[in-house]
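> Pasting in a structure now, in structure tokens, and then I'll have a few things to ask.
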Amino acid sequence: MNLSRRGVLAAGGAVGALAVTAAGSAPAAASAASVRGRGRPRVRTGFDRLAADGYRLLRGQKVGVVTNPTGVTADVRHIVDVMHPDARVDLTAVFGPEHGFRGTAQAGGSEGRYDDPATGLPVYDTYLKSGQDLADIFTASGVDTVLFDIQDAGARFYTYIWTLYDCMEAAALAGKRLVVLDRPNPVTGRAALGPVLDPAFATFVGRREIAQAHGMTVAELALLFNAEFLRADPVRLEVVTMSGWRRSDFFDDTGLPWVPPSPNMPTPETALVYSGTCLFEGTNLSEGRGTTRPFELLGAEGIDRHWAAAVNALRLPGVAFREAYFAPTFSKFQGRTVGGVQVHVQDREVFDPVRTGIALLVTAKQTWSGFAWRPDHWIDKLTGNTRVRTMIDAGADTDAVVAAWRSDLTAFRAKRRRYLRYEG
């Protein structure tokens with residue numbers, strides 16, 4: 001593996017081995033916890049490996065951590081609660097992303113600045129802060145090293161990876177070191193799928209040119225960000241990889257506990273469909289927020305059985321669609337009964353979430369006269385271009401829309417390969 005690219009630093013000695021070791025090199029002690037029914041050792045996260053090494057990577061540093069409720073150990077203790085009383089770590093600050101450090105805020109919200117009641121640590125709000133504003137927060141906190149430990153969902157528009165990007169940029173401006181503690185991509189790391197962002201459509205749901213379903217872990221993304229997008233002013237970056245994780249692993253293969261990374265990502269099954277069905281945020285249909293199956297239930301008033309019939313007729317691999325009726329408790333159509341579909345993934349090995357999301361958009365427009373894009377063209381921010389919207393409006397079918405991003409995706413896949421750190 002080549003870690004010599006500009007701005008990517010490997011720590012020295014034994015710590016260097018910890019920071020860059022890829023899957024499959026877990027110490028024998030890791031075999032104590034096995035994935036149920038598979039006889040495999042439980043995956044050890046970046047934090048697990050950092051702690052097992054006695055936090056040597058943090059020695060002599062004032063440390064702040066960017067995290068949320070997903071930053072937990074295998075026995076579901078939060079890493080802040082674990083590190084705070086440990087004399088080997090000088091933990092002095094916490095930085096909260098969208099939804100907040102303790103996860104009390106809904107989509108588009110955060111918790112603000114406060115002192116954490118459990119530890120007394122100052123919690124700084126990073127949501128929608130970037131550049132010099134975020135660098136100033138890091139400087140004011142007095143930390144030397146910023147840790148990042150948040151569970152991702154595998155989609156470009158899931159904002160935590162852009163919190164990572166913003167923190168990398170800000171840490172470089174503030175002269176801080178940034179350490180990424182890796183966690184699994186819950187929907188595997190086998191392939192990148194979907195359109196690649198056009199920089200003209202950069203927002204907090206897509207800062208830079210990666211695929212809609214990126215097929216990478218957060219540590220791999222950090223390596224790519226630093227070398228490809230921050231090369232003019234790279235951060236002092238180190239990553240602590242997992243042990244035992246394979247690229248073909250879904251989340252339930254890891255033996256790790258699932259903690260919802262946001263209020264509308266309740267299960268790993270939600271993450272499986274999210275990179276496709278989140279596109280309905282850019283329409284006047286409900287994407288299932290306010291139900292127990294967000295992003296699996298989709299619908300609107302006036303939709304009937306014809307939509308499910310139309311999308312089932314496409315015989316998309318690994319998925320079927322049930323005619324469904326539901327009444328969201330908040331968000332679009334709050335308290336009103338709507339009709340639509342429930343997405344049932346039947347074979348996740350062949351299921352393509354992005355192609356499925358496009359097929360659902362195409363057939364929704366074909367079968368429901370009330371179909372409309374959000375007036376602000378939010379769909380263009382989610383897909384990273386105008387092409388998806390304009391092609392569907394022009395009557396293009398699913399195959400034509402998917403074919404339109406093929407060359408961009410091929411180029412991204414080639415770039416992505418240089419930063420992959422896991423086999424299988």
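Here's how to read the names in the structure tokens: chain A, B, ... by the order shown, residue numbers from 1 in each chain, ligand numbers from 1 in the order shown.
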Please report, as number ranges by chain, each residue of region 251-410 of chain A to which DSSP assigns alpha helix (DSSP H) when run on this structure's backbone.
A: 268-277, 305-312, 353-367, 378-383, 387-393, 398-403, 406-410
> Export C-alpha atoms of the chosen residues as a compact mmCIF listing (two decimals), in the first residue's frame?

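Dumped everything to out.txt:
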# COMPACT_ATOMS: atom_id res chain seq x y z
CA PRO A 268 -29.06 -1.23 8.30
CA GLU A 269 -31.91 -2.10 5.91
CA THR A 270 -32.69 1.61 5.67
CA ALA A 271 -29.10 2.25 4.59
CA LEU A 272 -29.42 -0.46 1.94
CA VAL A 273 -32.06 1.51 0.00
CA TYR A 274 -31.13 5.04 1.05
CA SER A 275 -28.67 5.90 -1.73
CA GLY A 276 -31.51 5.44 -4.23
CA THR A 277 -34.76 6.32 -2.51
CA ARG A 305 -51.75 0.31 -7.25
CA HIS A 306 -50.58 1.31 -10.73
CA TRP A 307 -47.21 2.56 -9.49
CA ALA A 308 -46.28 -0.74 -7.81
CA ALA A 309 -47.43 -2.63 -10.90
CA ALA A 310 -45.35 -0.45 -13.22
CA VAL A 311 -42.11 -0.75 -11.27
CA ASN A 312 -42.57 -4.48 -10.66
CA PRO A 353 -30.13 0.94 -4.97
CA VAL A 354 -29.32 3.80 -7.33
CA ARG A 355 -30.76 2.16 -10.43
CA THR A 356 -33.80 1.23 -8.34
CA GLY A 357 -34.23 4.84 -7.22
CA ILE A 358 -34.16 6.03 -10.83
CA ALA A 359 -36.68 3.37 -11.87
CA LEU A 360 -39.01 4.50 -9.09
CA LEU A 361 -38.77 8.13 -10.22
CA VAL A 362 -39.41 7.20 -13.85
CA THR A 363 -42.44 5.05 -13.07
CA ALA A 364 -43.85 7.51 -10.51
CA LYS A 365 -43.87 10.21 -13.18
CA GLN A 366 -45.40 7.82 -15.73
CA THR A 367 -48.23 6.59 -13.49
CA TRP A 378 -33.24 19.90 -4.88
CA ILE A 379 -33.08 16.76 -7.01
CA ASP A 380 -30.15 18.34 -8.89
CA LYS A 381 -28.23 18.74 -5.63
CA LEU A 382 -28.93 15.10 -4.69
CA THR A 383 -27.94 13.65 -8.07
CA ARG A 387 -29.16 15.37 -16.25
CA VAL A 388 -31.32 13.01 -14.20
CA ARG A 389 -34.16 15.51 -13.88
CA THR A 390 -34.11 16.71 -17.47
CA MET A 391 -33.86 13.23 -18.95
CA ILE A 392 -36.79 11.95 -16.89
CA ASP A 393 -38.81 15.02 -17.87
CA THR A 398 -34.29 3.88 -16.63
CA ASP A 399 -31.63 2.36 -18.88
CA ALA A 400 -31.04 5.64 -20.70
CA VAL A 401 -30.68 7.65 -17.48
CA VAL A 402 -28.26 5.13 -15.97
CA ALA A 403 -26.20 5.00 -19.18
CA ARG A 406 -21.37 5.61 -17.17
CA SER A 407 -18.18 7.38 -18.29
CA ASP A 408 -18.01 9.62 -15.22
CA LEU A 409 -18.54 6.63 -12.95
CA THR A 410 -15.82 4.62 -14.71
> When you look at Gly299 (chain A) with a cut-off of 7 Å (counting only C-alpha atoms), what residues show up, excluding the ones that are within fewer than 3 positions of it in the same chain? I need them as an MDAnalysis selection string.
chainID A and resid 285:286 303 338:341
> Go ahead and write the selection's residues with N, CA, C and O atoms as a PDB file, in the first residue's frame.

ATOM      1  N   LEU A 285     -43.323  13.767  -3.443  1.00  0.00           N
ATOM      2  CA  LEU A 285     -43.736  12.536  -2.769  1.00  0.00           C
ATOM      3  C   LEU A 285     -43.070  12.439  -1.403  1.00  0.00           C
ATOM      4  O   LEU A 285     -41.976  12.957  -1.189  1.00  0.00           O
ATOM      5  N   SER A 286     -43.719  11.732  -0.495  1.00  0.00           N
ATOM      6  CA  SER A 286     -43.112  11.414   0.790  1.00  0.00           C
ATOM      7  C   SER A 286     -42.012  10.376   0.581  1.00  0.00           C
ATOM      8  O   SER A 286     -42.200   9.404  -0.154  1.00  0.00           O
ATOM      9  N   ILE A 303     -51.861   8.472  -5.368  1.00  0.00           N
ATOM     10  CA  ILE A 303     -51.166   7.327  -5.962  1.00  0.00           C
ATOM     11  C   ILE A 303     -51.901   6.047  -5.571  1.00  0.00           C
ATOM     12  O   ILE A 303     -52.335   5.886  -4.434  1.00  0.00           O
ATOM     13  N   VAL A 338     -51.644   8.367   2.556  1.00  0.00           N
ATOM     14  CA  VAL A 338     -51.143   8.442   1.185  1.00  0.00           C
ATOM     15  C   VAL A 338     -50.976   7.028   0.633  1.00  0.00           C
ATOM     16  O   VAL A 338     -50.875   6.055   1.379  1.00  0.00           O
ATOM     17  N   GLY A 339     -50.930   6.940  -0.680  1.00  0.00           N
ATOM     18  CA  GLY A 339     -50.703   5.659  -1.338  1.00  0.00           C
ATOM     19  C   GLY A 339     -49.343   5.640  -1.997  1.00  0.00           C
ATOM     20  O   GLY A 339     -48.793   6.687  -2.353  1.00  0.00           O
ATOM     21  N   GLY A 340     -48.791   4.449  -2.166  1.00  0.00           N
ATOM     22  CA  GLY A 340     -47.488   4.350  -2.798  1.00  0.00           C
ATOM     23  C   GLY A 340     -46.969   2.937  -2.800  1.00  0.00           C
ATOM     24  O   GLY A 340     -47.721   1.990  -3.049  1.00  0.00           O
ATOM     25  N   VAL A 341     -45.677   2.815  -2.511  1.00  0.00           N
ATOM     26  CA  VAL A 341     -45.044   1.499  -2.525  1.00  0.00           C
ATOM     27  C   VAL A 341     -44.194   1.323  -1.279  1.00  0.00           C
ATOM     28  O   VAL A 341     -43.742   2.297  -0.663  1.00  0.00           O
TER      29      VAL A 341
END
> Write out as JSON, numbers by chain which residues come within 10 Å of Arg417 (chain A) when counting only C-alpha atoms, dropping same-chain ones fewer than 6 positions away.
{"A": [216, 220, 224]}
> Please tabulate, as a tab-separated table, the residues of region 224-301 of chain A that come within 9 Å of region 44-61 of chain A, each with its closest pair of atoms and the distance in Å to one decimal, counting only C-alpha atoms and ordering rows by chain, then residue number upward.

residue	atom	partner	partner_atom	distance
A:Val239	CA	A:Gly46	CA	8.1
A:Val240	CA	A:Gly46	CA	4.9
A:Thr241	CA	A:Gly46	CA	5.1
A:Met242	CA	A:Thr45	CA	4.6
A:Ser243	CA	A:Arg44	CA	5.2
A:Gly244	CA	A:Arg44	CA	6.5
A:Trp245	CA	A:Arg44	CA	7.9
A:Thr254	CA	A:Arg44	CA	8.6
A:Leu256	CA	A:Arg44	CA	8.3
> Quick one: residues within 10 Å of Gly175 (chain A), only C-alpha atoms, excluding same-chain residues fewer than 4 positions away - as a list in words?
Ala135, Phe138, Thr139, Asp144, Thr145, Ala170, Ala171, Val235 and Arg236 of chain A
> Write down as a PyMOL selection string the residues belonging to region 42-203 of chain A that are assigned strand (DSSP E or B) by DSSP computed on the backbone.
chain A and resi 44+62-67+72+78+90-96+114-115+122-125+145-149+155+177-181+187+193-196+203
> For the residues selected in the previous step, produce a file with N, CA and C atoms as an mmCIF file, in the first residue's frame.

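Written out: again-v5.cif:
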data_model
loop_
_atom_site.group_PDB
_atom_site.id
_atom_site.type_symbol
_atom_site.label_atom_id
_atom_site.label_comp_id
_atom_site.auth_asym_id
_atom_site.auth_seq_id
_atom_site.Cartn_x
_atom_site.Cartn_y
_atom_site.Cartn_z
ATOM 1 N N ARG A 44 -13.231 -5.302 14.380
ATOM 2 C CA ARG A 44 -12.758 -4.333 15.377
ATOM 3 C C ARG A 44 -12.652 -2.983 14.686
ATOM 4 N N LYS A 62 -3.600 17.162 23.339
ATOM 5 C CA LYS A 62 -4.952 17.527 23.771
ATOM 6 C C LYS A 62 -5.893 17.129 22.634
ATOM 7 N N VAL A 63 -6.915 16.350 22.956
ATOM 8 C CA VAL A 63 -7.726 15.690 21.937
ATOM 9 C C VAL A 63 -9.154 16.196 21.966
ATOM 10 N N GLY A 64 -9.699 16.468 20.782
ATOM 11 C CA GLY A 64 -11.129 16.715 20.607
ATOM 12 C C GLY A 64 -11.677 15.683 19.643
ATOM 13 N N VAL A 65 -12.931 15.306 19.806
ATOM 14 C CA VAL A 65 -13.492 14.257 18.966
ATOM 15 C C VAL A 65 -14.772 14.719 18.292
ATOM 16 N N VAL A 66 -14.853 14.488 16.982
ATOM 17 C CA VAL A 66 -16.069 14.729 16.203
ATOM 18 C C VAL A 66 -16.826 13.411 16.179
ATOM 19 N N THR A 67 -17.973 13.373 16.829
ATOM 20 C CA THR A 67 -18.690 12.107 16.925
ATOM 21 C C THR A 67 -20.165 12.368 17.188
ATOM 22 N N VAL A 72 -19.607 4.213 19.315
ATOM 23 C CA VAL A 72 -19.715 3.296 20.449
ATOM 24 C C VAL A 72 -18.757 2.122 20.301
ATOM 25 N N HIS A 78 -20.331 4.698 24.854
ATOM 26 C CA HIS A 78 -19.877 5.741 23.948
ATOM 27 C C HIS A 78 -18.394 6.001 24.151
ATOM 28 N N ASP A 90 -5.963 12.688 26.973
ATOM 29 C CA ASP A 90 -6.308 14.035 27.445
ATOM 30 C C ASP A 90 -7.433 14.560 26.545
ATOM 31 N N LEU A 91 -8.654 14.079 26.811
ATOM 32 C CA LEU A 91 -9.819 14.471 26.018
ATOM 33 C C LEU A 91 -10.358 15.775 26.572
ATOM 34 N N THR A 92 -10.372 16.814 25.727
ATOM 35 C CA THR A 92 -10.728 18.143 26.228
ATOM 36 C C THR A 92 -11.928 18.771 25.530
ATOM 37 N N ALA A 93 -12.420 18.171 24.429
ATOM 38 C CA ALA A 93 -13.535 18.790 23.704
ATOM 39 C C ALA A 93 -14.255 17.761 22.859
ATOM 40 N N VAL A 94 -15.513 18.062 22.561
ATOM 41 C CA VAL A 94 -16.338 17.261 21.650
ATOM 42 C C VAL A 94 -16.907 18.205 20.600
ATOM 43 N N PHE A 95 -17.007 17.722 19.358
ATOM 44 C CA PHE A 95 -17.558 18.514 18.264
ATOM 45 C C PHE A 95 -18.749 17.753 17.684
ATOM 46 N N GLY A 96 -19.933 18.384 17.720
ATOM 47 C CA GLY A 96 -21.157 17.718 17.290
ATOM 48 C C GLY A 96 -21.520 18.057 15.853
ATOM 49 N N TYR A 114 -22.837 23.647 24.179
ATOM 50 C CA TYR A 114 -23.228 23.381 25.559
ATOM 51 C C TYR A 114 -22.139 22.549 26.230
ATOM 52 N N ASP A 115 -22.270 22.345 27.517
ATOM 53 C CA ASP A 115 -21.387 21.447 28.258
ATOM 54 C C ASP A 115 -22.110 20.121 28.451
ATOM 55 N N PRO A 122 -16.820 20.505 27.065
ATOM 56 C CA PRO A 122 -17.482 21.462 26.174
ATOM 57 C C PRO A 122 -17.815 20.795 24.844
ATOM 58 N N VAL A 123 -19.032 21.003 24.376
ATOM 59 C CA VAL A 123 -19.467 20.463 23.089
ATOM 60 C C VAL A 123 -19.660 21.635 22.142
ATOM 61 N N TYR A 124 -18.941 21.611 21.028
ATOM 62 C CA TYR A 124 -19.009 22.674 20.028
ATOM 63 C C TYR A 124 -19.837 22.189 18.843
ATOM 64 N N ASP A 125 -20.593 23.070 18.269
ATOM 65 C CA ASP A 125 -21.469 22.736 17.143
ATOM 66 C C ASP A 125 -20.724 22.974 15.828
ATOM 67 N N THR A 145 -5.132 17.561 18.436
ATOM 68 C CA THR A 145 -5.559 16.504 17.512
ATOM 69 C C THR A 145 -7.065 16.412 17.507
ATOM 70 N N VAL A 146 -7.637 16.351 16.318
ATOM 71 C CA VAL A 146 -9.075 16.145 16.146
ATOM 72 C C VAL A 146 -9.297 14.711 15.710
ATOM 73 N N LEU A 147 -10.058 13.946 16.514
ATOM 74 C CA LEU A 147 -10.472 12.596 16.129
ATOM 75 C C LEU A 147 -11.802 12.678 15.393
ATOM 76 N N PHE A 148 -12.010 11.776 14.431
ATOM 77 C CA PHE A 148 -13.309 11.666 13.763
ATOM 78 C C PHE A 148 -13.768 10.225 13.878
ATOM 79 N N ASP A 149 -14.950 10.018 14.467
ATOM 80 C CA ASP A 149 -15.499 8.660 14.598
ATOM 81 C C ASP A 149 -17.017 8.717 14.496
ATOM 82 N N ALA A 155 -23.744 6.811 1.296
ATOM 83 C CA ALA A 155 -24.299 7.631 0.220
ATOM 84 C C ALA A 155 -23.663 9.019 0.223
ATOM 85 N N ARG A 177 -3.727 18.282 13.765
ATOM 86 C CA ARG A 177 -3.686 16.945 13.186
ATOM 87 C C ARG A 177 -5.087 16.351 13.222
ATOM 88 N N LEU A 178 -5.442 15.539 12.212
ATOM 89 C CA LEU A 178 -6.745 14.881 12.194
ATOM 90 C C LEU A 178 -6.555 13.373 12.060
ATOM 91 N N VAL A 179 -7.216 12.631 12.935
ATOM 92 C CA VAL A 179 -7.135 11.171 12.953
ATOM 93 C C VAL A 179 -8.525 10.608 12.719
ATOM 94 N N VAL A 180 -8.672 9.774 11.702
ATOM 95 C CA VAL A 180 -9.955 9.149 11.387
ATOM 96 C C VAL A 180 -9.960 7.727 11.921
ATOM 97 N N LEU A 181 -10.952 7.422 12.754
ATOM 98 C CA LEU A 181 -11.159 6.071 13.285
ATOM 99 C C LEU A 181 -12.205 5.394 12.413
ATOM 100 N N VAL A 187 -23.291 -0.959 3.714
ATOM 101 C CA VAL A 187 -23.889 -1.584 2.530
ATOM 102 C C VAL A 187 -22.822 -2.192 1.639
ATOM 103 N N LEU A 193 -21.509 3.378 -7.276
ATOM 104 C CA LEU A 193 -22.693 3.363 -8.134
ATOM 105 C C LEU A 193 -23.238 4.774 -8.299
ATOM 106 N N GLY A 194 -23.850 5.021 -9.451
ATOM 107 C CA GLY A 194 -24.612 6.247 -9.639
ATOM 108 C C GLY A 194 -23.805 7.390 -10.223
ATOM 109 N N PRO A 195 -24.462 8.535 -10.416
ATOM 110 C CA PRO A 195 -23.810 9.699 -11.011
ATOM 111 C C PRO A 195 -22.740 10.282 -10.094
ATOM 112 N N VAL A 196 -21.735 10.878 -10.719
ATOM 113 C CA VAL A 196 -20.668 11.567 -9.994
ATOM 114 C C VAL A 196 -21.022 13.057 -9.952
ATOM 115 N N THR A 203 -22.870 21.280 -2.579
ATOM 116 C CA THR A 203 -23.590 21.753 -1.395
ATOM 117 C C THR A 203 -23.163 20.857 -0.238
#
> At a cut-off of 9 Å, using only C-alpha atoms, what residues contact Glu209 (chain A)? Leave out same-chain residues fewer than 3 positions from it and give the result as a PyMOL selection string.
chain A and resi 196-199+202+206+229+384+412
> I'd like the interatomic distance between CA of Glu349 (chain A) and CA of Ala222 (chain A), to a tenth of an Å.
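About the pair CA of Glu349 (chain A) and CA of Ala222 (chain A): they are 26.6 Å apart.
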> Could you state the separation of CA of Trp162 (chain A) and CA of Arg77 (chain A) in Å, given to one decimal place?
25.4 Å
> Rounded to one decimal in Å, what is the spacing between CA of Arg246 (chain A) and CA of Arg183 (chain A)?
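CA of Arg183 (chain A) lies 11.6 Å from CA of Arg246 (chain A).
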> Write out as a list in words the residues lying within 9 Å of Pro375 (chain A), counting only C-alpha atoms and excluding same-chain residues fewer than 2 positions away.
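Result of the neighbour search: Gly282, Thr283, Ala372, Trp373, His377 and Trp378 of chain A.
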> What would the file look like if the residues just selected were written as a compact mmCIF listing (two decimals), in the first residue's frame with N, CA and C atoms?

# COMPACT_ATOMS: atom_id res chain seq x y z
N GLY A 282 -36.25 15.10 -3.33
CA GLY A 282 -36.29 16.12 -4.36
C GLY A 282 -37.59 16.18 -5.13
N THR A 283 -38.63 15.48 -4.63
CA THR A 283 -39.93 15.45 -5.29
C THR A 283 -41.02 15.87 -4.31
N ALA A 372 -44.26 15.87 -9.27
CA ALA A 372 -43.54 17.13 -9.50
C ALA A 372 -42.22 17.10 -8.74
N TRP A 373 -41.24 17.80 -9.30
CA TRP A 373 -39.98 18.02 -8.59
C TRP A 373 -40.17 19.14 -7.57
N HIS A 377 -35.51 22.60 -7.22
CA HIS A 377 -34.69 21.62 -7.95
C HIS A 377 -33.66 20.96 -7.03
N TRP A 378 -34.09 20.62 -5.84
CA TRP A 378 -33.24 19.90 -4.88
C TRP A 378 -32.74 18.59 -5.47
> Given the choices A:Ala414, A:Ala320, A:Leu314, A:Val343, which gets closest to Ala211 (chain A) if the distance is worked out from only C-alpha atoms?
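Of the candidates, the smallest distance to Ala211 (chain A) is held by A:Ala414.
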> Within 7 Å of Gly154 (chain A), counting only C-alpha atoms, which residues show up once you throw out same-chain ones fewer than 3 positions away? Write them as a JSON list (two decimals) with all heavy atoms, in the first residue's frame, please.

[["chain", "number", "residue", "atom", "x", "y", "z"],
["A", 185, "ASN", "N", -18.53, 0.46, 6.00],
["A", 185, "ASN", "CA", -19.61, 0.92, 5.13],
["A", 185, "ASN", "C", -20.72, -0.13, 5.28],
["A", 185, "ASN", "O", -20.50, -1.30, 4.97],
["A", 185, "ASN", "CB", -19.12, 0.98, 3.68],
["A", 185, "ASN", "CG", -20.16, 1.55, 2.73],
["A", 185, "ASN", "OD1", -21.35, 1.28, 2.86],
["A", 185, "ASN", "ND2", -19.72, 2.33, 1.77],
["A", 186, "PRO", "N", -21.89, 0.25, 5.76],
["A", 186, "PRO", "CA", -22.91, -0.75, 6.12],
["A", 186, "PRO", "C", -23.50, -1.49, 4.93],
["A", 186, "PRO", "O", -24.13, -2.53, 5.10],
["A", 186, "PRO", "CB", -23.98, 0.06, 6.84],
["A", 186, "PRO", "CG", -23.84, 1.43, 6.29],
["A", 186, "PRO", "CD", -22.36, 1.62, 6.05],
["A", 187, "VAL", "N", -23.29, -0.96, 3.71],
["A", 187, "VAL", "CA", -23.89, -1.58, 2.53],
["A", 187, "VAL", "C", -22.82, -2.19, 1.64],
["A", 187, "VAL", "O", -23.03, -2.38, 0.44],
["A", 187, "VAL", "CB", -24.77, -0.58, 1.76],
["A", 187, "VAL", "CG1", -25.94, -0.14, 2.62],
["A", 187, "VAL", "CG2", -23.96, 0.65, 1.31],
["A", 213, "ALA", "N", -23.36, 6.49, -4.62],
["A", 213, "ALA", "CA", -23.06, 5.44, -3.64],
["A", 213, "ALA", "C", -21.56, 5.18, -3.79],
["A", 213, "ALA", "O", -21.13, 4.56, -4.75],
["A", 213, "ALA", "CB", -23.87, 4.18, -3.90],
["A", 214, "HIS", "N", -20.74, 5.66, -2.84],
["A", 214, "HIS", "CA", -19.30, 5.73, -3.06],
["A", 214, "HIS", "C", -18.56, 4.42, -2.85],
["A", 214, "HIS", "O", -17.44, 4.24, -3.34],
["A", 214, "HIS", "CB", -18.68, 6.83, -2.20],
["A", 214, "HIS", "CG", -19.08, 6.77, -0.75],
["A", 214, "HIS", "ND1", -18.64, 5.80, 0.11],
["A", 214, "HIS", "CD2", -19.90, 7.59, -0.02],
["A", 214, "HIS", "CE1", -19.15, 6.02, 1.31],
["A", 214, "HIS", "NE2", -19.92, 7.10, 1.27],
["A", 215, "GLY", "N", -19.13, 3.49, -2.07],
["A", 215, "GLY", "CA", -18.49, 2.20, -1.87],
["A", 215, "GLY", "C", -17.17, 2.26, -1.13],
["A", 215, "GLY", "O", -16.28, 1.44, -1.35]]
